[in-house]
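Have a look at the structure below before the remarks.
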Protein chains: 2
Amino acid sequence: MPIKMYLSEDEVPRKWYNLGADLPTPMLPYLGPDGNPVTPEMMMPIFPMNLIEQEMTQEREVEIPQEVLEILYKWRPSPLHRAVALEKALGTPAKIFYKNESVSPAGSHKPNTAVAQAYYNKISGIEKLTTETGAGQWGSALSFACAQLGLECKVYMVRISFDQKPFRKVMMQTWGGQCIASPSPDTVTGRRMLEMDPDTPGSLGIAISEAVEEAVSDPTGKTKYALGSVLNHVMLHQTIIGLETKQQLKKFGISKPDVVIGCAGGGSNFAGLSFPFVRDKINGDDIEIIPVEPASCPTMTGGTFTYDIGDMSGMTPLMAMHTLGHDFIPPPIHAGGLRYHGMSPLVSQAVISGLLSPRAIHQLECYKAAMTFARTEGIIVAPETSHAVASTIQEALKAKEEGKEKVIVFSLSGHGLMDLKGYQAYMAGDLFDYALPPEQIQENLAKIKDFPPVPKR
Amino acid sequence: MPIKMYLSEDEVPRKWYNLGADLPTPMLPYLGPDGNPVTPEMMMPIFPMNLIEQEMTQEREVEIPQEVLEILYKWRPSPLHRAVALEKALGTPAKIFYKNESVSPAGSHKPNTAVAQAYYNKISGIEKLTTETGAGQWGSALSFACAQLGLECKVYMVRISFDQKPFRKVMMQTWGGQCIASPSPDTVTGRRMLEMDPDTPGSLGIAISEAVEEAVSDPTGKTKYALGSVLNHVMLHQTIIGLETKQQLKKFGISKPDVVIGCAGGGSNFAGLSFPFVRDKINGDDIEIIPVEPASCPTMTGGTFTYDIGDMSGMTPLMAMHTLGHDFIPPPIHAGGLRYHGMSPLVSQAVISGLLSPRAIHQLECYKAAMTFARTEGIIVAPETSHAVASTIQEALKAKEEGKEKVIVFSLSGHGLMDLKGYQAYMAGDLFDYALPPEQIQENLAKIKDFPPVPKR
């Protein structure tokens with residue numbers, strides 16, 4: 001039995017899977033500030049129409065363009081590994097598999113949607129994409145994708161990360177992307193923020209506002225904005241991960257997994273691996289599907305399902321999703337990609353439909369798990385990914401207690417070679433877990449109580 | 001036609017290939033300070049006997065232990081990519097392939113031998129390995145390998161790199177390796193150097209001396225030393241790269257390449273890809289085989305083939321190899337792994353046998369090539385690897401001029417994600433090429449003229 005399963009390029013799925021078509025209750029529409037549903041036309045200043053159509057599609061499957069596939073082939077299909085050394089170290093009867101998305105040139109799953117979004121913008125005549133980035137994974141992925149499609153790319157990087165992680169900027173620049181600290185002098189929003197506080201560390205909310213402002217204010221209409229998570233079309237593009245995994249498990253002789261695990265910040269990595277399995281669960285398969293979030297940013301396990309905005313300043317429509325309130329500032333854990341107040345509406349809706357079993361884990365347990373993983377399986381995972389590893393170890397030890405030969409699959413969403421500061425702090429004993437007073441969450445949720453309620457169903 | 005070829009694990013070669021058995025002239029023996037050949041027993045304080053036997057073997061093939069294969073399977077067989085996007089950008093009729101060794105957990109080809117060396121030490125009852133590292137690739141790889149085999153690992157890292165690249169140390173520590181700045185207070189050599197100059201930046205020569213000193217002075221005999229390049233057994237372990245590549249080319253429908261390219265510092269990456277093709281060349285195939293070195297450290301193209309020591313202080317035996325003289329201090333180019341005064345004796349002997357066509361390229365051309373590669377193929381390569389990319393582009397453009405559909409294969413020895421400072425300096429216009437006065441080389445070579453001469457053949 002091999003410990004690693006590849007597919008050939010012609011086995012790569014030709015269609016993405018849209019969970020929205022199979023959810024027991026239809027998705028709730030995005031709403032404008034007036035409480036009325038957002039129309040496709042209202043999103044046109046930000047996104048090209050082909051992506052807006054994907055955002056709203058009810059089709060179960062969407063064809064992957066050949067041009068997109070040919071770029072994805074540079075690293076796809078990604079390998080599915082059997083974690084034999086980890087199993088042995090844990091003494092578990094469980095079979096642990098991980099889908100290795102760290103093999104992309106940008107080092108994470110993000111290019112799966114970055115390439116697709118760059119492609120759809122390109123064929124719409126767009127010449128430049130703007131976006132924001134926090135830790136830097138998404139900005140790197142979009143810069144890579146834009147180089148592949150011949151688009152300009154401008155990334156507004158939250159100033160504190162821009163200063164702390166200079167090499168993320170170098171990555172983006174190597175691919176031809178422009179990376180600028182946010183707030184910046186390039187936008188009205190940025191200039192206003194800098195006037196108020198020239199030394200501001202910035203925030204994801206400000207960076208989103210700047211990126212959207214640049215896109216909508218280009219008089220030629222040749223600039224659009226790209227988002228790396230949360231939205232339906234992003235989840236769609238990531239399902240190639242789970243579709244490949246299903247084929248690879250079959251080649252391992254496994255008809256279905258017992259447990260599927262992914263870390264979830266905005267939800268795209270988790271959705272990518274899990275949605276094809278959620279479909280199987282809807283169709284009757286017995287699978288436990290676990291999105292793992294930081295205990296210090298417990299959107300699904302500590303927040304509420306309601307209408308909220310996706311940024312901090314109202315540039316996005318209202319979305320029905322799990323949220324901690326858009327004013328919630330997550331503690332400075334190292335898993336920057338999981339520091340988000342909301343959750344993908346598709347993932348959220350799957351949660352309230354009872355299809356998922358969310359978990360929250362503190363960062364010390366996650367780093368401990370990541371160290372075990374590095375010394376057994378070898379790969380140094382991203383701080384975000386460490387949440388999936390920690391949950392996997394919990395499940396594998398549970399299987400050991402129960403004496404069950406469970407099949408556990410998790411998504412290794414990225415490597416941590418650009419994030420070694422967290423490992424350094426962990427080994428130095430400088431990391432701690434953040435206690436989160438429930439009243440802090442309640443305060444933030446109180447601020448959004450005037451948004452339209454979600455209908456009772 | 002796919003753009004990327006995998007093999008299954010059961011197609012991974014079961015035997016390494018020893019070029020020494022096929023070279024037209026027999027290898028010259030290592031000599032001691034007295035000019036007499038070194039015996040296996042003399043190497044025993046440093047290496048275990050099973051590796052000494054491999055170092056001296058005349059066998060054409062050496063079986064790869066199953067336990068080693070099972071660790072290599074974590075990333076092997078590595079993919080062979082067709083560089084379609086690069087070909088298109090260059091407008092060349094050449095078919096360009098690259099063997100992607102960056103997919104190992106440590107990010108380079110180095111673990112191929114690190115795992116094998118850790119294994120042979122382990123079964124000899126050794127409990128700890130010491131080594132030196134410059135840029136950090138080898139120290140990382142050995143730390144990874146020691147974690148896999150359950151050995152302790154101690155890495156003496158040249159102080160200037162230790163201070164400049166703190167994250168290499170974190171990588172090693174994550175795998176359980178101990179990484180210490182050299183010179184260190186842990187050895188007699190280190191203490192003496194620190195007394196002479198507490199602020200010394202250190203050197204590879206000092207670091208080797210410290211690592212060897214620690215190994216030979218362990219009274220229990222349970223500590224040995226491991227070297228990441230130069231020696232015959234290291235070249236042997238790396239041939240798995242080229243053996244896999246030959247099979248993958250066949251699956252692409254290609255019976256033989258026209259040009260084979262690899263960067264060469266100590267020689268192990270180049271040897272790994274090329275030696276199986278050198279064998280084919282000896283047997284009559286028409287293949288141009290190009291080791292590429294920095295123009296500022298031109299061991300093969302500017303040095304001489306003679307007896308010299310492998311370090312700077314005479315801890316190693318005399319080896320017949322290409323050398324710039326062991327006192328040669330290469331300019332501070334970013335490709336730290338290529339800053340070495342000598343060259344693998346096996347590679348050197350293949351050069352003097354007329355089997356190889358060495359090239360020297362300056363770093364600006366290499367970084368320019370690496371930028372082109374990143375924006376077409378996507379992967380940000382290591383500064384060392386950029387030398388192979390630059391040579392590949394030269395050959396592809398030559399094929400375009402000649403209108404020939406040549407098949408070019410090069411080794412992508414590692415990614416550059418831990419070495420982005422060089423890219424940053426290149427894009428900022430802060431890099432330059434180092435002119436190397438020939439008299440500087442002559443001076444250093446003059447210092448070794450009293451070593452025994454190599455026999456005329």
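In the structure tokens, chains take the letters A, B, ... in the order shown, each chain's residues start at 1, and ligands count up from 1 in the order shown.
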
For chain A against chain B, which residues fall within 9 Å using only C-alpha atoms, given as a VMD selection string? chain A and resid 2 to 10 70 73 to 75 81 85 103 to 106 144 to 145 147 to 148 167 to 168 170 to 171 173 to 176 371 374 to 380 417 to 418 420 to 421 423 to 424 427

Tell me which protein, DNA and RNA residues are within 12 Å of Lys456 of chain B, counting only C-alpha atoms, leaving out same-chain ones fewer than 6 positions away, and put them as an NGL selection string. :B and (25 or 28 or 305-306 or 352)

Mind writing the picked residues with N, CA, C and O atoms as a PDB file, in the first residue's frame?
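What landed in out-v5.pdb:
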```pdb
ATOM      1  N   THR B  25      38.642   6.421 -16.086  1.00  0.00           N
ATOM      2  CA  THR B  25      39.853   6.234 -15.276  1.00  0.00           C
ATOM      3  C   THR B  25      39.451   6.045 -13.825  1.00  0.00           C
ATOM      4  O   THR B  25      38.498   6.681 -13.363  1.00  0.00           O
ATOM      5  N   LEU B  28      41.009   8.606  -7.908  1.00  0.00           N
ATOM      6  CA  LEU B  28      42.255   8.724  -7.138  1.00  0.00           C
ATOM      7  C   LEU B  28      41.930   8.630  -5.651  1.00  0.00           C
ATOM      8  O   LEU B  28      40.919   9.139  -5.202  1.00  0.00           O
ATOM      9  N   PHE B 305      42.552  21.028 -11.311  1.00  0.00           N
ATOM     10  CA  PHE B 305      42.316  19.686 -10.773  1.00  0.00           C
ATOM     11  C   PHE B 305      43.578  19.233 -10.063  1.00  0.00           C
ATOM     12  O   PHE B 305      44.604  18.993 -10.703  1.00  0.00           O
ATOM     13  N   THR B 306      43.509  19.134  -8.747  1.00  0.00           N
ATOM     14  CA  THR B 306      44.711  18.771  -7.989  1.00  0.00           C
ATOM     15  C   THR B 306      44.309  18.270  -6.599  1.00  0.00           C
ATOM     16  O   THR B 306      43.128  18.290  -6.245  1.00  0.00           O
ATOM     17  N   ILE B 352      37.394  16.101 -15.975  1.00  0.00           N
ATOM     18  CA  ILE B 352      38.688  15.895 -16.661  1.00  0.00           C
ATOM     19  C   ILE B 352      38.614  14.752 -17.662  1.00  0.00           C
ATOM     20  O   ILE B 352      39.432  14.658 -18.562  1.00  0.00           O
TER      21      ILE B 352
END
```

Using only C-alpha atoms, which residues sit within 10 Å of Ile241 of chain B once same-chain residues fewer than 5 positions away are excluded, as a list in words? Val12, Pro13, Trp16, Arg76, Pro77, Ser78, Leu80, Lys99, Asn100, Glu101, His109, Asn112, Lys246, Asn269, Phe270, Ala271, Gly272, Leu273, Ser274, Phe275, Pro276, Ser411 and Ser413 of chain B

Selected residue, from A:Thr92, A:Gln66, A:Thr239, A:Ser357, that lies nearest to Lys406 of chain A when counting only C-alpha atoms: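 Using only C-alpha atoms, Lys406 of chain A sits closest to A:Thr92.
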
From a backbone DSSP assignment, name each residue in segment 321-394 of chain B labelled alpha helix (DSSP H), as a tab-separated table (two decimals) with N, CA, C and O atoms, in the first residue's frame.
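Wrote part_6.tsv, looks like this:
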```tsv
chain	number	residue	atom	x	y	z
B	345	PRO	N	34.93	15.07	-5.86
B	345	PRO	CA	35.93	14.33	-6.65
B	345	PRO	C	35.31	13.58	-7.83
B	345	PRO	O	35.90	13.54	-8.91
B	346	LEU	N	34.11	13.01	-7.64
B	346	LEU	CA	33.47	12.28	-8.76
B	346	LEU	C	33.12	13.23	-9.90
B	346	LEU	O	33.35	12.93	-11.07
B	347	VAL	N	32.53	14.39	-9.55
B	347	VAL	CA	32.19	15.38	-10.60
B	347	VAL	C	33.48	15.86	-11.27
B	347	VAL	O	33.57	15.95	-12.50
B	348	SER	N	34.49	16.14	-10.44
B	348	SER	CA	35.76	16.64	-10.99
B	348	SER	C	36.37	15.65	-11.98
B	348	SER	O	36.82	16.02	-13.06
B	349	GLN	N	36.35	14.39	-11.58
B	349	GLN	CA	36.94	13.37	-12.45
B	349	GLN	C	36.14	13.23	-13.76
B	349	GLN	O	36.71	13.00	-14.82
B	350	ALA	N	34.83	13.40	-13.67
B	350	ALA	CA	34.02	13.38	-14.90
B	350	ALA	C	34.36	14.57	-15.79
B	350	ALA	O	34.33	14.47	-17.02
B	351	VAL	N	34.69	15.70	-15.16
B	351	VAL	CA	35.09	16.88	-15.95
B	351	VAL	C	36.39	16.59	-16.70
B	351	VAL	O	36.48	16.81	-17.91
B	352	ILE	N	37.39	16.10	-15.97
B	352	ILE	CA	38.69	15.90	-16.66
B	352	ILE	C	38.61	14.75	-17.66
B	352	ILE	O	39.43	14.66	-18.56
B	363	GLN	N	25.68	36.37	-11.01
B	363	GLN	CA	24.40	36.31	-10.29
B	363	GLN	C	23.30	37.19	-10.88
B	363	GLN	O	22.12	36.85	-10.76
B	364	LEU	N	23.64	38.31	-11.53
B	364	LEU	CA	22.57	39.15	-12.08
B	364	LEU	C	21.80	38.40	-13.16
B	364	LEU	O	20.56	38.43	-13.20
B	365	GLU	N	22.53	37.70	-14.03
B	365	GLU	CA	21.85	36.90	-15.07
B	365	GLU	C	21.01	35.80	-14.42
B	365	GLU	O	19.91	35.49	-14.89
B	366	CYS	N	21.51	35.24	-13.33
B	366	CYS	CA	20.78	34.16	-12.64
B	366	CYS	C	19.48	34.68	-12.04
B	366	CYS	O	18.43	34.04	-12.15
B	367	TYR	N	19.53	35.83	-11.37
B	367	TYR	CA	18.30	36.37	-10.78
B	367	TYR	C	17.31	36.79	-11.86
B	367	TYR	O	16.10	36.61	-11.70
B	368	LYS	N	17.82	37.34	-12.95
B	368	LYS	CA	16.92	37.70	-14.06
B	368	LYS	C	16.19	36.44	-14.55
B	368	LYS	O	14.97	36.44	-14.77
B	369	ALA	N	16.94	35.35	-14.69
B	369	ALA	CA	16.35	34.09	-15.13
B	369	ALA	C	15.33	33.59	-14.11
B	369	ALA	O	14.25	33.10	-14.47
B	370	ALA	N	15.65	33.72	-12.83
B	370	ALA	CA	14.74	33.25	-11.78
B	370	ALA	C	13.44	34.05	-11.78
B	370	ALA	O	12.36	33.50	-11.53
B	371	MET	N	13.52	35.35	-12.06
B	371	MET	CA	12.31	36.17	-12.15
B	371	MET	C	11.44	35.69	-13.32
B	371	MET	O	10.22	35.57	-13.18
B	372	THR	N	12.07	35.45	-14.46
B	372	THR	CA	11.33	34.94	-15.61
B	372	THR	C	10.66	33.61	-15.26
B	372	THR	O	9.49	33.37	-15.59
B	373	PHE	N	11.39	32.78	-14.57
B	373	PHE	CA	10.85	31.47	-14.20
B	373	PHE	C	9.65	31.60	-13.26
B	373	PHE	O	8.62	30.95	-13.43
B	374	ALA	N	9.78	32.49	-12.26
B	374	ALA	CA	8.69	32.68	-11.30
B	374	ALA	C	7.43	33.18	-11.99
B	374	ALA	O	6.32	32.76	-11.66
B	375	ARG	N	7.59	34.05	-12.96
B	375	ARG	CA	6.41	34.64	-13.60
B	375	ARG	C	5.82	33.76	-14.69
B	375	ARG	O	4.72	34.00	-15.15
B	376	THR	N	6.56	32.73	-15.10
B	376	THR	CA	6.01	31.78	-16.08
B	376	THR	C	5.62	30.48	-15.39
B	376	THR	O	4.45	30.13	-15.32
B	385	THR	N	19.61	27.34	-7.36
B	385	THR	CA	18.90	26.80	-8.50
B	385	THR	C	18.84	27.78	-9.67
B	385	THR	O	18.79	27.38	-10.83
B	386	SER	N	18.86	29.07	-9.35
B	386	SER	CA	18.75	30.08	-10.42
B	386	SER	C	19.89	29.94	-11.43
B	386	SER	O	19.74	30.32	-12.59
B	387	HIS	N	21.02	29.37	-11.01
B	387	HIS	CA	22.12	29.15	-11.95
B	387	HIS	C	21.74	28.11	-13.01
B	387	HIS	O	22.10	28.25	-14.18
B	388	ALA	N	21.01	27.09	-12.60
B	388	ALA	CA	20.55	26.08	-13.57
B	388	ALA	C	19.50	26.69	-14.50
B	388	ALA	O	19.46	26.39	-15.70
B	389	VAL	N	18.63	27.53	-13.94
B	389	VAL	CA	17.59	28.18	-14.76
B	389	VAL	C	18.25	29.07	-15.82
B	389	VAL	O	17.87	29.05	-16.99
B	390	ALA	N	19.26	29.84	-15.41
B	390	ALA	CA	19.93	30.75	-16.35
B	390	ALA	C	20.59	29.96	-17.48
B	390	ALA	O	20.49	30.34	-18.66
B	391	SER	N	21.23	28.86	-17.14
B	391	SER	CA	21.88	28.05	-18.16
B	391	SER	C	20.84	27.42	-19.09
B	391	SER	O	21.04	27.32	-20.31
B	392	THR	N	19.71	27.01	-18.51
B	392	THR	CA	18.63	26.42	-19.31
B	392	THR	C	18.10	27.44	-20.32
B	392	THR	O	17.87	27.12	-21.49
B	393	ILE	N	17.94	28.69	-19.86
B	393	ILE	CA	17.46	29.72	-20.78
B	393	ILE	C	18.48	29.97	-21.89
B	393	ILE	O	18.12	30.09	-23.07
B	394	GLN	N	19.77	29.98	-21.52
B	394	GLN	CA	20.81	30.11	-22.56
B	394	GLN	C	20.67	29.01	-23.62
B	394	GLN	O	20.69	29.27	-24.82
```

Please list as a ChimeraX atom specification every residue within 6 Å of Lys224 of chain B, counting only C-alpha atoms and excluding residues in the same chain fewer than 4 positions away. /B:46-47,129,215

Please, could you write that set of residues out with C-alpha atoms as an mmCIF file, in the first residue's frame?
```cif
data_model
loop_
_atom_site.group_PDB
_atom_site.id
_atom_site.type_symbol
_atom_site.label_atom_id
_atom_site.label_comp_id
_atom_site.auth_asym_id
_atom_site.auth_seq_id
_atom_site.Cartn_x
_atom_site.Cartn_y
_atom_site.Cartn_z
ATOM 1 C CA ILE B 46 34.103 10.446 11.871
ATOM 2 C CA PHE B 47 31.793 8.116 9.900
ATOM 3 C CA LEU B 129 24.945 13.523 14.368
ATOM 4 C CA ALA B 215 32.039 13.939 16.903
#
```

Each residue of segment 55-131 of chain B lying at most 10 Å from segment 227-233 of chain B should get a row with its shortest atom-to-atom pair and the distance in Å to one decimal, counting only C-alpha atoms; could you produce that, ordered by chain and increasing number, as a tab-separated table?
```
residue	atom	partner	partner_atom	distance
B:Glu55	CA	B:His233	CA	4.8
B:Met56	CA	B:Asn232	CA	7.6
B:Thr57	CA	B:His233	CA	8.9
B:Lys110	CA	B:Gly228	CA	7.0
B:Pro111	CA	B:Gly228	CA	9.1
B:Asn112	CA	B:Gly228	CA	9.9
B:Thr113	CA	B:Gly228	CA	7.3
B:Ala114	CA	B:Gly228	CA	7.2
B:Ala116	CA	B:His233	CA	9.6
B:Gln117	CA	B:Leu227	CA	8.9
B:Leu129	CA	B:Leu227	CA	10.0
B:Thr130	CA	B:Leu227	CA	8.9
B:Thr131	CA	B:Leu227	CA	6.5
```

Could you take the residues named above and write them with all heavy atoms, as an mmCIF file, in the first residue's frame?
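So the final result, stored in out_30.cif, reads:
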```
data_model
loop_
_atom_site.group_PDB
_atom_site.id
_atom_site.type_symbol
_atom_site.label_atom_id
_atom_site.label_comp_id
_atom_site.auth_asym_id
_atom_site.auth_seq_id
_atom_site.Cartn_x
_atom_site.Cartn_y
_atom_site.Cartn_z
ATOM 1 N N GLU B 55 31.506 4.935 0.629
ATOM 2 C CA GLU B 55 32.411 5.963 0.134
ATOM 3 C C GLU B 55 33.465 5.347 -0.787
ATOM 4 O O GLU B 55 33.887 5.965 -1.754
ATOM 5 C CB GLU B 55 33.078 6.667 1.331
ATOM 6 C CG GLU B 55 33.995 7.820 0.990
ATOM 7 C CD GLU B 55 33.278 8.977 0.318
ATOM 8 O OE1 GLU B 55 32.050 9.091 0.468
ATOM 9 O OE2 GLU B 55 33.956 9.754 -0.387
ATOM 10 N N MET B 56 33.857 4.110 -0.488
ATOM 11 C CA MET B 56 34.965 3.499 -1.213
ATOM 12 C C MET B 56 34.536 2.416 -2.188
ATOM 13 O O MET B 56 35.376 1.826 -2.865
ATOM 14 C CB MET B 56 35.950 2.909 -0.192
ATOM 15 C CG MET B 56 36.497 3.993 0.749
ATOM 16 S SD MET B 56 37.907 3.432 1.703
ATOM 17 C CE MET B 56 38.674 5.006 2.154
ATOM 18 N N THR B 57 33.238 2.170 -2.281
ATOM 19 C CA THR B 57 32.791 1.023 -3.069
ATOM 20 C C THR B 57 33.086 1.189 -4.560
ATOM 21 O O THR B 57 33.080 2.306 -5.086
ATOM 22 C CB THR B 57 31.280 0.762 -2.885
ATOM 23 O OG1 THR B 57 30.949 -0.455 -3.583
ATOM 24 C CG2 THR B 57 30.437 1.878 -3.472
ATOM 25 N N LYS B 110 18.449 18.020 -0.521
ATOM 26 C CA LYS B 110 19.349 17.568 0.542
ATOM 27 C C LYS B 110 18.824 16.388 1.369
ATOM 28 O O LYS B 110 19.619 15.530 1.779
ATOM 29 C CB LYS B 110 19.686 18.738 1.469
ATOM 30 C CG LYS B 110 20.543 19.825 0.819
ATOM 31 C CD LYS B 110 21.996 19.410 0.669
ATOM 32 C CE LYS B 110 22.871 20.559 0.148
ATOM 33 N NZ LYS B 110 24.214 20.093 -0.255
ATOM 34 N N PRO B 111 17.513 16.302 1.650
ATOM 35 C CA PRO B 111 17.062 15.169 2.461
ATOM 36 C C PRO B 111 17.322 13.797 1.826
ATOM 37 O O PRO B 111 17.336 12.799 2.537
ATOM 38 C CB PRO B 111 15.551 15.413 2.605
ATOM 39 C CG PRO B 111 15.394 16.890 2.463
ATOM 40 C CD PRO B 111 16.431 17.283 1.434
ATOM 41 N N ASN B 112 17.515 13.728 0.498
ATOM 42 C CA ASN B 112 17.778 12.424 -0.113
ATOM 43 C C ASN B 112 18.968 11.727 0.547
ATOM 44 O O ASN B 112 18.925 10.524 0.805
ATOM 45 C CB ASN B 112 18.069 12.572 -1.616
ATOM 46 C CG ASN B 112 16.879 13.086 -2.390
ATOM 47 O OD1 ASN B 112 15.730 12.822 -2.027
ATOM 48 N ND2 ASN B 112 17.133 13.827 -3.457
ATOM 49 N N THR B 113 20.024 12.488 0.805
ATOM 50 C CA THR B 113 21.186 11.879 1.467
ATOM 51 C C THR B 113 21.101 11.993 2.992
ATOM 52 O O THR B 113 21.593 11.123 3.705
ATOM 53 C CB THR B 113 22.517 12.478 0.955
ATOM 54 O OG1 THR B 113 23.619 11.768 1.558
ATOM 55 C CG2 THR B 113 22.634 13.964 1.304
ATOM 56 N N ALA B 114 20.429 13.031 3.481
ATOM 57 C CA ALA B 114 20.325 13.189 4.939
ATOM 58 C C ALA B 114 19.621 11.979 5.549
ATOM 59 O O ALA B 114 20.059 11.449 6.580
ATOM 60 C CB ALA B 114 19.571 14.478 5.275
ATOM 61 N N ALA B 116 19.356 8.938 4.253
ATOM 62 C CA ALA B 116 20.203 7.751 4.119
ATOM 63 C C ALA B 116 21.327 7.775 5.167
ATOM 64 O O ALA B 116 21.577 6.766 5.840
ATOM 65 C CB ALA B 116 20.789 7.678 2.710
ATOM 66 N N GLN B 117 21.965 8.917 5.338
ATOM 67 C CA GLN B 117 23.064 8.995 6.314
ATOM 68 C C GLN B 117 22.556 8.785 7.743
ATOM 69 O O GLN B 117 23.192 8.099 8.542
ATOM 70 C CB GLN B 117 23.782 10.343 6.201
ATOM 71 C CG GLN B 117 24.579 10.492 4.908
ATOM 72 C CD GLN B 117 25.461 11.737 4.908
ATOM 73 O OE1 GLN B 117 26.211 11.965 5.848
ATOM 74 N NE2 GLN B 117 25.384 12.532 3.854
ATOM 75 N N LEU B 129 24.158 13.069 15.511
ATOM 76 C CA LEU B 129 24.945 13.523 14.368
ATOM 77 C C LEU B 129 25.268 15.002 14.524
ATOM 78 O O LEU B 129 24.434 15.782 14.973
ATOM 79 C CB LEU B 129 24.182 13.293 13.054
ATOM 80 C CG LEU B 129 24.053 11.838 12.606
ATOM 81 C CD1 LEU B 129 23.235 11.739 11.316
ATOM 82 C CD2 LEU B 129 25.429 11.205 12.411
ATOM 83 N N THR B 130 26.479 15.354 14.145
ATOM 84 C CA THR B 130 26.866 16.766 14.114
ATOM 85 C C THR B 130 27.139 17.146 12.671
ATOM 86 O O THR B 130 27.513 16.308 11.851
ATOM 87 C CB THR B 130 28.152 17.033 14.923
ATOM 88 O OG1 THR B 130 29.231 16.302 14.324
ATOM 89 C CG2 THR B 130 27.989 16.591 16.369
ATOM 90 N N THR B 131 26.925 18.402 12.365
ATOM 91 C CA THR B 131 27.265 18.885 11.035
ATOM 92 C C THR B 131 27.426 20.389 11.088
ATOM 93 O O THR B 131 27.186 21.019 12.126
ATOM 94 C CB THR B 131 26.211 18.474 9.985
ATOM 95 O OG1 THR B 131 26.786 18.625 8.671
ATOM 96 C CG2 THR B 131 24.953 19.333 10.077
#
```

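Using only C-alpha atoms for every distance, the candidate list B:Arg192, B:Thr304, B:Val62, B:Met42 yields B:Val62 as the residue closest to Ile240 of chain B.
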
Contacts of segment 159-163 of chain B within 10 Å, only C-alpha atoms, excl. fewer than 6 positions in-chain, as an mmCIF file with N, CA and C atoms, in the first residue's frame:
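Dumped to selection36.cif:
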```
data_model
loop_
_atom_site.group_PDB
_atom_site.id
_atom_site.type_symbol
_atom_site.label_atom_id
_atom_site.label_comp_id
_atom_site.auth_asym_id
_atom_site.auth_seq_id
_atom_site.Cartn_x
_atom_site.Cartn_y
_atom_site.Cartn_z
ATOM 1 N N THR B 133 26.502 24.068 8.768
ATOM 2 C CA THR B 133 25.660 24.560 7.680
ATOM 3 C C THR B 133 26.014 26.012 7.416
ATOM 4 N N GLY B 134 25.927 26.388 6.129
ATOM 5 C CA GLY B 134 26.174 27.777 5.756
ATOM 6 C C GLY B 134 24.837 28.479 5.636
ATOM 7 N N ALA B 135 24.278 28.443 4.438
ATOM 8 C CA ALA B 135 22.982 29.090 4.198
ATOM 9 C C ALA B 135 21.864 28.428 5.005
ATOM 10 N N GLY B 136 21.991 27.139 5.305
ATOM 11 C CA GLY B 136 21.013 26.491 6.167
ATOM 12 C C GLY B 136 20.265 25.318 5.553
ATOM 13 N N LYS B 169 17.142 28.590 11.612
ATOM 14 C CA LYS B 169 17.339 27.983 12.931
ATOM 15 C C LYS B 169 16.001 27.481 13.480
ATOM 16 N N CYS B 179 20.619 24.080 16.943
ATOM 17 C CA CYS B 179 21.364 24.916 16.010
ATOM 18 C C CYS B 179 22.117 25.969 16.803
ATOM 19 N N ILE B 180 23.430 25.996 16.616
ATOM 20 C CA ILE B 180 24.260 26.883 17.428
ATOM 21 C C ILE B 180 25.166 27.692 16.506
ATOM 22 N N ALA B 181 25.386 28.964 16.865
ATOM 23 C CA ALA B 181 26.240 29.812 16.044
ATOM 24 C C ALA B 181 27.687 29.355 16.170
ATOM 25 N N SER B 182 28.387 29.345 15.054
ATOM 26 C CA SER B 182 29.805 28.959 15.044
ATOM 27 C C SER B 182 30.655 30.161 14.651
ATOM 28 N N PRO B 183 31.743 30.456 15.348
ATOM 29 C CA PRO B 183 32.331 29.682 16.437
ATOM 30 C C PRO B 183 31.493 29.737 17.713
ATOM 31 N N SER B 184 31.556 28.602 18.437
ATOM 32 C CA SER B 184 30.744 28.446 19.643
ATOM 33 C C SER B 184 31.639 28.171 20.836
ATOM 34 N N ASP B 199 33.955 38.868 17.903
ATOM 35 C CA ASP B 199 32.937 39.317 16.949
ATOM 36 C C ASP B 199 33.085 38.681 15.578
ATOM 37 N N THR B 200 33.850 37.616 15.478
ATOM 38 C CA THR B 200 34.082 36.987 14.178
ATOM 39 C C THR B 200 32.759 36.539 13.537
ATOM 40 N N PRO B 201 32.625 36.738 12.211
ATOM 41 C CA PRO B 201 31.420 36.257 11.524
ATOM 42 C C PRO B 201 31.423 34.736 11.326
ATOM 43 N N GLY B 202 32.547 34.093 11.618
ATOM 44 C CA GLY B 202 32.643 32.652 11.417
ATOM 45 C C GLY B 202 32.888 32.305 9.961
ATOM 46 N N SER B 203 33.094 31.011 9.708
ATOM 47 C CA SER B 203 33.290 30.545 8.331
ATOM 48 C C SER B 203 32.915 29.075 8.279
ATOM 49 N N LEU B 204 32.699 28.577 7.065
ATOM 50 C CA LEU B 204 32.359 27.169 6.898
ATOM 51 C C LEU B 204 33.498 26.293 7.416
ATOM 52 N N ALA B 207 33.234 26.023 11.131
ATOM 53 C CA ALA B 207 32.060 25.234 11.505
ATOM 54 C C ALA B 207 32.298 23.741 11.287
ATOM 55 N N GLY B 336 24.485 30.879 -1.336
ATOM 56 C CA GLY B 336 25.429 30.423 -0.327
ATOM 57 C C GLY B 336 25.869 28.986 -0.536
#
```
